[in-house]
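*Asks:* Sharing data_2.csv, CSV, C-alpha atoms:
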```
chain,number,residue,atom,x,y,z
A,1,MET,CA,19.3,47.8,-231.1
A,2,ILE,CA,22.2,45.4,-231.9
A,3,ALA,CA,20.3,44.2,-235.1
A,4,ALA,CA,19.9,47.8,-236.3
A,5,LEU,CA,23.6,48.5,-235.6
A,6,ILE,CA,24.6,45.4,-237.6
A,7,SER,CA,22.2,46.2,-240.5
A,8,GLY,CA,23.9,49.5,-241.1
A,9,GLY,CA,20.7,51.4,-240.5
A,10,GLY,CA,17.6,52.3,-242.5
A,11,SER,CA,17.6,52.9,-246.2
A,12,ILE,CA,21.2,54.1,-246.3
A,13,PRO,CA,23.3,51.5,-248.2
A,14,GLY,CA,26.2,49.8,-246.5
A,15,GLN,CA,29.6,51.3,-246.9
A,16,GLY,CA,31.5,48.0,-246.9
A,17,ALA,CA,33.5,46.5,-249.8
A,18,ALA,CA,31.5,44.6,-252.4
A,19,GLY,CA,28.2,45.5,-250.7
A,20,LEU,CA,29.0,43.7,-247.4
A,21,VAL,CA,27.1,44.9,-244.4
A,22,THR,CA,29.1,47.1,-242.0
A,23,ILE,CA,28.3,48.5,-238.5
A,24,GLY,CA,26.3,51.7,-238.9
A,25,THR,CA,26.8,55.0,-237.2
A,26,GLY,CA,24.2,54.1,-234.6
A,27,THR,CA,21.7,57.0,-235.1
A,28,PHE,CA,19.1,54.7,-236.7
A,29,ALA,CA,19.6,52.1,-234.0
A,30,VAL,CA,19.3,54.6,-231.1
A,31,ALA,CA,16.2,56.1,-232.7
A,32,LEU,CA,14.6,52.6,-233.0
A,33,PHE,CA,15.5,51.9,-229.4
A,34,VAL,CA,14.0,55.1,-228.1
A,35,GLY,CA,10.8,54.5,-230.1
A,36,ALA,CA,10.5,51.0,-228.8
A,37,LEU,CA,11.1,52.2,-225.3
A,38,ALA,CA,8.3,54.8,-225.6
A,39,CYS,CA,6.0,52.1,-227.1
A,40,SER,CA,6.7,49.7,-224.2
A,41,VAL,CA,5.7,52.4,-221.6
A,42,ILE,CA,2.5,53.2,-223.5
A,43,TYR,CA,1.6,49.6,-224.1
A,44,ASN,CA,2.2,48.7,-220.5
A,45,ALA,CA,-0.2,51.5,-219.4
A,46,VAL,CA,-2.8,50.4,-221.9
A,47,PHE,CA,-2.5,46.7,-220.9
A,48,VAL,CA,-2.7,47.5,-217.2
A,49,MET,CA,-5.9,49.3,-217.9
A,50,ILE,CA,-7.2,46.4,-219.9
A,51,SER,CA,-6.3,43.9,-217.2
A,52,THR,CA,-8.2,45.9,-214.6
A,53,ALA,CA,-11.3,46.3,-216.8
A,54,THR,CA,-11.9,42.7,-217.8
A,55,THR,CA,-11.3,39.2,-216.6
A,56,ARG,CA,-10.2,38.2,-220.1
A,57,ALA,CA,-7.2,40.5,-220.3
A,58,ILE,CA,-5.1,38.3,-222.6
A,59,ALA,CA,-7.9,37.8,-225.1
A,60,VAL,CA,-8.9,41.4,-225.2
A,61,GLY,CA,-5.2,42.5,-225.4
A,62,LEU,CA,-4.6,40.1,-228.4
A,63,LEU,CA,-7.7,41.4,-230.1
A,64,TYR,CA,-6.6,45.0,-229.6
A,65,VAL,CA,-3.2,44.3,-231.1
A,66,LEU,CA,-4.5,42.3,-234.0
A,67,VAL,CA,-7.6,44.4,-234.9
A,68,TRP,CA,-6.6,47.9,-234.0
A,69,GLU,CA,-2.8,48.0,-234.3
A,70,VAL,CA,-2.3,45.6,-237.3
A,71,LEU,CA,-5.5,45.8,-239.4
A,72,LEU,CA,-7.0,49.2,-238.9
A,73,SER,CA,-4.0,51.4,-238.3
A,74,ASN,CA,-2.2,50.1,-241.4
A,75,PHE,CA,-5.2,50.4,-243.7
A,76,VAL,CA,-7.2,53.3,-242.4
A,77,SER,CA,-5.1,56.5,-242.3
A,78,GLY,CA,-7.1,58.3,-239.5
A,79,VAL,CA,-6.6,55.5,-237.1
A,80,LYS,CA,-2.8,56.2,-237.0
A,81,LEU,CA,-3.5,59.0,-234.6
A,82,LEU,CA,-4.7,56.5,-232.0
A,83,SER,CA,-2.1,53.8,-232.7
A,84,VAL,CA,0.6,53.1,-230.2
A,85,SER,CA,2.9,51.5,-232.7
A,86,HIS,CA,2.8,54.6,-234.9
A,87,TYR,CA,3.7,56.7,-231.9
A,88,GLY,CA,6.9,54.7,-231.6
A,89,LEU,CA,7.6,55.0,-235.3
A,90,GLY,CA,6.9,58.7,-235.2
A,91,ILE,CA,9.4,59.2,-232.3
A,92,ALA,CA,12.0,57.1,-234.1
A,93,ASN,CA,11.5,58.9,-237.4
A,94,GLY,CA,11.9,62.2,-235.5
A,95,LEU,CA,15.3,61.2,-234.2
A,96,ALA,CA,16.6,59.6,-237.4
A,97,SER,CA,14.6,60.8,-240.4
A,98,ASP,CA,14.4,57.8,-242.6
A,99,PRO,CA,11.6,57.0,-245.2
A,100,VAL,CA,11.9,53.3,-244.3
A,101,LEU,CA,10.1,53.9,-241.0
A,102,GLU,CA,6.8,55.2,-242.6
A,103,ALA,CA,5.6,56.7,-239.4
A,104,GLY,CA,2.6,58.6,-240.6
A,105,LEU,CA,2.8,60.9,-237.6
A,106,GLY,CA,5.2,63.7,-236.6
A,107,VAL,CA,7.4,63.5,-233.6
A,108,LEU,CA,5.5,66.1,-231.7
A,109,THR,CA,2.2,64.5,-232.4
A,110,SER,CA,3.6,61.1,-231.3
A,111,VAL,CA,5.0,62.4,-228.0
A,112,VAL,CA,1.9,64.4,-227.1
A,113,MET,CA,-0.6,61.6,-228.0
A,114,GLY,CA,1.6,59.0,-226.4
A,115,ALA,CA,1.7,61.0,-223.1
A,116,ILE,CA,-2.1,61.5,-223.3
A,117,VAL,CA,-2.8,57.8,-223.9
A,118,THR,CA,-0.5,56.8,-221.1
A,119,VAL,CA,-2.0,59.2,-218.5
A,120,VAL,CA,-5.6,58.4,-219.5
A,121,ALA,CA,-4.9,54.6,-219.4
A,122,LEU,CA,-3.2,54.8,-216.0
A,123,ALA,CA,-6.0,57.1,-214.6
A,124,LEU,CA,-8.7,54.7,-215.8
A,125,ALA,CA,-6.7,51.8,-214.3
A,126,MET,CA,-6.4,53.5,-210.9
A,127,ASN,CA,-10.1,54.3,-211.0
A,128,LEU,CA,-10.9,50.7,-211.7
A,129,LEU,CA,-8.5,49.4,-209.1
A,130,SER,CA,-10.1,51.6,-206.4
A,131,SER,CA,-13.2,49.5,-206.6
A,132,PHE,CA,-11.4,46.2,-207.2
A,133,THR,CA,-12.3,43.3,-204.9
A,134,LEU,CA,-10.9,39.8,-204.8
A,135,LYS,CA,-13.4,37.1,-205.2
A,136,GLY,CA,-12.9,33.8,-203.3
A,137,GLU,CA,-14.1,31.6,-200.6
A,138,PRO,CA,-14.5,33.0,-197.1
A,139,ALA,CA,-11.8,31.8,-194.7
```
Go ahead and render the structure in this file as structure tokens.
*Replies:*
Amino acid sequence: MIAALISGGGSIPGQGAAGLVTIGTGTFAVALFVGALACSVIYNAVFVMISTATTRAIAVGLLYVLVWEVLLSNFVSGVKLLSVSHYGLGIANGLASDPVLEAGLGVLTSVVMGAIVTVVALALAMNLLSSFTLKGEPA
């Protein structure tokens, strides 16, 4: 949030003398903060579900981020509907409409899909945790 405040925010040029960077109004920074906050909640739900589903949670989580979020969602337009990072960009773009964000999703779609993904991921995690047993040596 501090970096966005210092940068002046988005594609709007700085108002300082001789092109120097000035502190922005804060709308862009707050929008980015809210989008990042929403993303962190959704990502936490997805990664809790992944950690209950597999013993290799870190590897699966990294593969998910690299393959799905970075490669597919940026190059295949239909995948944006199921991309958590685009949900955050859509929320941020809804609060501070700026072409720099390139969300690909509207704010309503981002909020609804983010809520659905969060609820489904947490429901699956709770279902998997109900049958969870610790393996170890008997005492």
*Asks:* Using only C-alpha atoms, determine which residues lie at most 7 Å from region 80-92 of chain A, disregarding the query and same-chain residues fewer than 2 positions distant; provide the list as number ranges by chain.
*Replies:* A: 31-32, 34-36, 38-39, 42, 69, 73, 77-78, 94-96, 101, 103-107, 110-111, 114
*Asks:* Measuring atom to atom with all atoms listed in the file, identify which of A:Val76, A:Ala29, A:Val120, A:Val46 is nearest to Tyr64 (chain A).
*Replies:*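 Under the stated criterion, the closest residue is A:Val46.
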*Asks:* To test the calculation: enclose all listed atoms of region 95-98 of chain A in a box whose edges run along x, y and z, add 6 Å on each side, then state centre and edge lengths in Å to one decimal, as JSON.
*Replies:*
```
{"center_x": 15.5, "center_y": 59.5, "center_z": -238.4, "size_x": 14.2, "size_y": 15.4, "size_z": 20.4}
```
*Asks:* Any idea what the distance is between CA of Tyr43 (chain A) and CA of Asp98 (chain A)?
*Replies:*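 Between CA of Tyr43 (chain A) and CA of Asp98 (chain A) the gap works out to 23.9 Å.
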*Asks:* Out of A:Met49, A:Met126, A:Val79, A:Ile2, which residue has the shortest atom-to-atom distance to Gly26 (chain A) when counting all atoms listed in the file?
*Replies:*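 Among the listed residues, A:Ile2 lies closest to Gly26 (chain A).
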*Asks:* In Å to one decimal, how far is CA of Ala115 (chain A) from CA of Ser51 (chain A)?
*Replies:*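 Separation between CA of Ser51 (chain A) and CA of Ala115 (chain A): 19.8 Å.
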*Asks:* I'd like to know which of A:Val60, A:Val30, A:Met1, A:Val48 is closest to Ala123 (chain A), using all atoms listed in the file.
*Replies:* A:Val48
*Asks:* Quick one, how far is CA of Leu62 (chain A) from CA of Leu124 (chain A)?
*Replies:*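 That distance, rounded to one decimal, is 19.7 Å.
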*Asks:* Which residue is closest to Val119 (chain A)? Choose from A:Asn74, A:Asn44, A:Thr27, A:Thr52 and count all atoms listed in the file.
*Replies:*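 Result for the nearest residue to Val119 (chain A): A:Asn44.
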*Asks:* Just add N, CA and C atoms to region 62-89 of chain A and send it as a PDB file, in the frame of the given file.
*Replies:*
```
ATOM      1  N   LEU A  62      -4.927  40.688-227.063  1.00  0.00           N
ATOM      2  CA  LEU A  62      -4.600  40.100-228.400  1.00  0.00           C
ATOM      3  C   LEU A  62      -5.525  40.686-229.461  1.00  0.00           C
ATOM      4  N   LEU A  63      -6.813  40.796-229.156  1.00  0.00           N
ATOM      5  CA  LEU A  63      -7.700  41.400-230.100  1.00  0.00           C
ATOM      6  C   LEU A  63      -7.406  42.827-230.416  1.00  0.00           C
ATOM      7  N   TYR A  64      -7.030  43.570-229.376  1.00  0.00           N
ATOM      8  CA  TYR A  64      -6.600  45.000-229.600  1.00  0.00           C
ATOM      9  C   TYR A  64      -5.441  45.067-230.513  1.00  0.00           C
ATOM     10  N   VAL A  65      -4.441  44.252-230.268  1.00  0.00           N
ATOM     11  CA  VAL A  65      -3.200  44.300-231.100  1.00  0.00           C
ATOM     12  C   VAL A  65      -3.543  43.889-232.530  1.00  0.00           C
ATOM     13  N   LEU A  66      -4.267  42.789-232.698  1.00  0.00           N
ATOM     14  CA  LEU A  66      -4.500  42.300-234.000  1.00  0.00           C
ATOM     15  C   LEU A  66      -5.481  43.195-234.831  1.00  0.00           C
ATOM     16  N   VAL A  67      -6.579  43.602-234.213  1.00  0.00           N
ATOM     17  CA  VAL A  67      -7.600  44.400-234.900  1.00  0.00           C
ATOM     18  C   VAL A  67      -7.165  45.841-235.072  1.00  0.00           C
ATOM     19  N   TRP A  68      -6.816  46.463-233.962  1.00  0.00           N
ATOM     20  CA  TRP A  68      -6.600  47.900-234.000  1.00  0.00           C
ATOM     21  C   TRP A  68      -5.166  48.214-234.530  1.00  0.00           C
ATOM     22  N   GLU A  69      -4.134  47.618-233.941  1.00  0.00           N
ATOM     23  CA  GLU A  69      -2.800  48.000-234.300  1.00  0.00           C
ATOM     24  C   GLU A  69      -2.339  47.425-235.661  1.00  0.00           C
ATOM     25  N   VAL A  70      -2.777  46.230-236.012  1.00  0.00           N
ATOM     26  CA  VAL A  70      -2.300  45.600-237.300  1.00  0.00           C
ATOM     27  C   VAL A  70      -3.258  45.948-238.422  1.00  0.00           C
ATOM     28  N   LEU A  71      -4.529  45.655-238.266  1.00  0.00           N
ATOM     29  CA  LEU A  71      -5.500  45.800-239.400  1.00  0.00           C
ATOM     30  C   LEU A  71      -5.854  47.275-239.621  1.00  0.00           C
ATOM     31  N   LEU A  72      -6.487  47.879-238.634  1.00  0.00           N
ATOM     32  CA  LEU A  72      -7.000  49.200-238.900  1.00  0.00           C
ATOM     33  C   LEU A  72      -5.993  50.298-239.020  1.00  0.00           C
ATOM     34  N   SER A  73      -4.960  50.293-238.190  1.00  0.00           N
ATOM     35  CA  SER A  73      -4.000  51.400-238.300  1.00  0.00           C
ATOM     36  C   SER A  73      -3.144  51.352-239.523  1.00  0.00           C
ATOM     37  N   ASN A  74      -3.014  50.201-240.149  1.00  0.00           N
ATOM     38  CA  ASN A  74      -2.200  50.100-241.400  1.00  0.00           C
ATOM     39  C   ASN A  74      -3.059  50.364-242.635  1.00  0.00           C
ATOM     40  N   PHE A  75      -4.383  50.214-242.535  1.00  0.00           N
ATOM     41  CA  PHE A  75      -5.200  50.400-243.700  1.00  0.00           C
ATOM     42  C   PHE A  75      -6.124  51.588-243.686  1.00  0.00           C
ATOM     43  N   VAL A  76      -6.365  52.153-242.510  1.00  0.00           N
ATOM     44  CA  VAL A  76      -7.200  53.300-242.400  1.00  0.00           C
ATOM     45  C   VAL A  76      -6.302  54.455-241.836  1.00  0.00           C
ATOM     46  N   SER A  77      -6.095  55.490-242.626  1.00  0.00           N
ATOM     47  CA  SER A  77      -5.100  56.500-242.300  1.00  0.00           C
ATOM     48  C   SER A  77      -5.432  57.283-241.009  1.00  0.00           C
ATOM     49  N   GLY A  78      -6.691  57.548-240.725  1.00  0.00           N
ATOM     50  CA  GLY A  78      -7.100  58.300-239.500  1.00  0.00           C
ATOM     51  C   GLY A  78      -6.822  57.598-238.238  1.00  0.00           C
ATOM     52  N   VAL A  79      -6.752  56.291-238.281  1.00  0.00           N
ATOM     53  CA  VAL A  79      -6.600  55.500-237.100  1.00  0.00           C
ATOM     54  C   VAL A  79      -5.119  55.602-236.561  1.00  0.00           C
ATOM     55  N   LYS A  80      -4.193  56.023-237.416  1.00  0.00           N
ATOM     56  CA  LYS A  80      -2.800  56.200-237.000  1.00  0.00           C
ATOM     57  C   LYS A  80      -2.641  57.133-235.836  1.00  0.00           C
ATOM     58  N   LEU A  81      -3.550  58.084-235.728  1.00  0.00           N
ATOM     59  CA  LEU A  81      -3.500  59.000-234.600  1.00  0.00           C
ATOM     60  C   LEU A  81      -3.730  58.392-233.279  1.00  0.00           C
ATOM     61  N   LEU A  82      -4.382  57.240-233.266  1.00  0.00           N
ATOM     62  CA  LEU A  82      -4.700  56.500-232.000  1.00  0.00           C
ATOM     63  C   LEU A  82      -3.950  55.177-231.971  1.00  0.00           C
ATOM     64  N   SER A  83      -2.855  55.026-232.679  1.00  0.00           N
ATOM     65  CA  SER A  83      -2.100  53.800-232.700  1.00  0.00           C
ATOM     66  C   SER A  83      -0.790  53.906-231.977  1.00  0.00           C
ATOM     67  N   VAL A  84      -0.587  53.078-230.980  1.00  0.00           N
ATOM     68  CA  VAL A  84       0.600  53.100-230.200  1.00  0.00           C
ATOM     69  C   VAL A  84       1.861  52.797-231.005  1.00  0.00           C
ATOM     70  N   SER A  85       1.741  51.847-231.912  1.00  0.00           N
ATOM     71  CA  SER A  85       2.900  51.500-232.700  1.00  0.00           C
ATOM     72  C   SER A  85       3.341  52.646-233.622  1.00  0.00           C
ATOM     73  N   HIS A  86       2.392  53.438-234.089  1.00  0.00           N
ATOM     74  CA  HIS A  86       2.800  54.600-234.900  1.00  0.00           C
ATOM     75  C   HIS A  86       3.357  55.722-234.057  1.00  0.00           C
ATOM     76  N   TYR A  87       3.026  55.761-232.767  1.00  0.00           N
ATOM     77  CA  TYR A  87       3.700  56.700-231.900  1.00  0.00           C
ATOM     78  C   TYR A  87       5.179  56.402-231.810  1.00  0.00           C
ATOM     79  N   GLY A  88       5.495  55.128-231.647  1.00  0.00           N
ATOM     80  CA  GLY A  88       6.900  54.700-231.600  1.00  0.00           C
ATOM     81  C   GLY A  88       7.635  54.993-232.894  1.00  0.00           C
ATOM     82  N   LEU A  89       6.971  54.716-234.014  1.00  0.00           N
ATOM     83  CA  LEU A  89       7.600  55.000-235.300  1.00  0.00           C
ATOM     84  C   LEU A  89       7.780  56.496-235.520  1.00  0.00           C
TER      85      LEU A  89
END
```
